[in-house]
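Just below is one structure, and these are the notes that go with it.
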Amino acid sequence: MDFKQYIRVIPDFPQPGIRFKDITTLLKDGPAYKAAIQDLAVFAREVQADVIAGPEARGFVVGAPLSYEMGIGFVPIRKSGKLPYESIKADYDLEYGKDALAVHVDAIQPGQRVLIADDLLATGGTIETTINLIEQLGGKVVGAAFFIELSYLDGRSKIGEIPIKSLVQY
């Protein structure tokens with residue numbers, strides 16, 4: 001399926017010169033959304049994922065249905081301060097400042113094979129931080145799956161040798 005036709009490009013958002021890739025148009029189309037999740041599930045099976053991890057917030061709309069499709073668990077990677085149980089956190093740089101992601105200490109078991117799922121691979125900062133958290137818990141990141149990859153931002157360089165699946169590249 002040509003998923004690009006379901007992604008709306010909005011010029012000059014959130015600032016002039018940016019061409020924002022809006023996945024809400026894909027999400028609202030049931031058959032396209034289902035097909036996207038099923039395509040990513042093929043990859044998740046190939047890398048033999050035991051669990052899916054998704055960073056807040058759009059990683060939830062990719063990762064949760066993917067874990068459901070696979071019949072395996074989903075681990076939410078949250079913004080710092082949002083988790084009710086003991087957690088670990090990792091800081092990362094944003095374009096204009098810093099942020100932090102966190103995960104419960106018991107969310108991933110040592111040796112567990114983890115696939116990271118998110119809507120977009122851009123500069124790779126969020127995914128690099130997510131990998132860091134998973135590895136701190138002893139998990140093995142076996143792949144990263146995205147609806148969109150902005151290849152001109154070279155986010156792959158922060159992921160290293162981890163296999164990547166992107167449905168659409170710009």
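Identifiers in this document derive from the order of the structure tokens: chains are assigned A, B, ..., residues are numbered from 1 separately in each chain, and ligands are numbered from 1 in order of occurrence.
Near Leu26 (chain A), within a cut-off of 12 Å and counting only C-alpha atoms, sit the residues Met1, Asp2, Phe3, Lys4, Gln5, Tyr6, Ile7, Arg8, Val9, Lys21, Asp22, Ile23, Asp29, Gly30, Pro31, Ala32, Tyr33, Lys34, Ala35, Ala36, Ile37, Val61, Val62, Asp119, Phe147, Ile148, Leu167 and Val168 of chain A, with same-chain residues fewer than 3 positions away left out.
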Contact residues around Pro84 (chain A) with only C-alpha atoms at 12 Å, ignoring same-chain residues under 6 positions, as a list in words: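 So the residues in contact are Arg78, Ala102, Val103, His104 and Val105 of chain A.
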Within 6 Å of region 150-162 of chain A using only C-alpha atoms, minus same-chain residues under 2 positions, as a PyMOL selection string: chain A and resi 122-124+143+169-170
Atomic distance CA of Ala144 (chain A) - CA of Lys165 (chain A), expressed in Å with one decimal: 6.4 Å
All residues 8 Å or closer to region 67-71 of chain A, only C-alpha atoms, same chain fewer than 2 positions away omitted, as a list in words: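 Everything that qualifies: Ile37, Gln38, Ala41, Arg45, Val51, Ile52, Gly63, Ala64, Pro65, Gly73 and Phe74 of chain A.
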Selection from above, C-alpha atoms, as a PDB file, in the first residue's frame, can you write it?
```pdb
ATOM      1  CA  ILE A  37       0.081  -1.911  11.640  1.00  0.00           C
ATOM      2  CA  GLN A  38      -0.014  -5.242   9.797  1.00  0.00           C
ATOM      3  CA  ALA A  41       3.850  -6.640  12.424  1.00  0.00           C
ATOM      4  CA  ARG A  45       7.794 -11.127  13.642  1.00  0.00           C
ATOM      5  CA  VAL A  51       7.461  -6.986  23.561  1.00  0.00           C
ATOM      6  CA  ILE A  52       6.797  -3.626  21.890  1.00  0.00           C
ATOM      7  CA  GLY A  63       3.053   0.512  19.447  1.00  0.00           C
ATOM      8  CA  ALA A  64      -0.156  -0.428  21.278  1.00  0.00           C
ATOM      9  CA  PRO A  65      -2.074  -1.667  18.213  1.00  0.00           C
ATOM     10  CA  GLY A  73       2.877  -6.865  25.601  1.00  0.00           C
ATOM     11  CA  PHE A  74       3.278  -3.122  25.214  1.00  0.00           C
TER      12      PHE A  74
END
```
Just want the 7 Å neighbourhood of Arg19 (chain A), counted on only C-alpha atoms, with same-chain residues fewer than 4 positions away dropped. Output as a short mmCIF file (atom, residue, chain, number, x, y, z; two decimals) with N, CA, C and O atoms, in the first residue's frame.
```cif
data_model
loop_
_atom_site.label_atom_id
_atom_site.label_comp_id
_atom_site.auth_asym_id
_atom_site.auth_seq_id
_atom_site.Cartn_x
_atom_site.Cartn_y
_atom_site.Cartn_z
N VAL A 9 0.79 16.64 4.41
CA VAL A 9 1.97 17.48 4.62
C VAL A 9 1.49 18.92 4.80
O VAL A 9 0.80 19.46 3.93
N ILE A 10 1.85 19.52 5.92
CA ILE A 10 1.41 20.87 6.25
C ILE A 10 2.62 21.80 6.20
O ILE A 10 3.53 21.67 7.02
N PRO A 11 2.64 22.72 5.23
CA PRO A 11 3.79 23.63 5.12
C PRO A 11 3.83 24.65 6.26
O PRO A 11 2.78 25.05 6.78
N ASP A 12 5.04 25.01 6.63
CA ASP A 12 5.29 26.07 7.61
C ASP A 12 4.66 25.81 8.98
O ASP A 12 4.21 26.74 9.66
N PHE A 13 4.67 24.55 9.40
CA PHE A 13 4.22 24.20 10.75
C PHE A 13 5.27 23.30 11.39
O PHE A 13 5.71 22.35 10.76
#
```
Every residue of chain A that DSSP places in alpha helix (DSSP H), as number ranges by chain: A: 24-27, 30-46, 58-70, 125-136
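Neighbours of Gln109 (chain A) closer than or equal to 7 Å, with only C-alpha atoms counted and sequence neighbours fewer than 3 positions away skipped, come out as Asp106, Gln112, Leu137, Gly138 and Gly139 of chain A.
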Strand (DSSP E) per DSSP on the backbone: members of region 57-103 of chain A, as a list in words: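 Output for region 57-103 of chain A, strand (DSSP E) only: Gly73, Phe74, Val75, Pro76, Ile77, Arg78, Lys79, Ser87, Ile88, Lys89, Ala90, Asp91, Tyr92, Asp93, Leu94, Gly97, Lys98, Asp99, Ala100, Leu101, Ala102 and Val103 of chain A.
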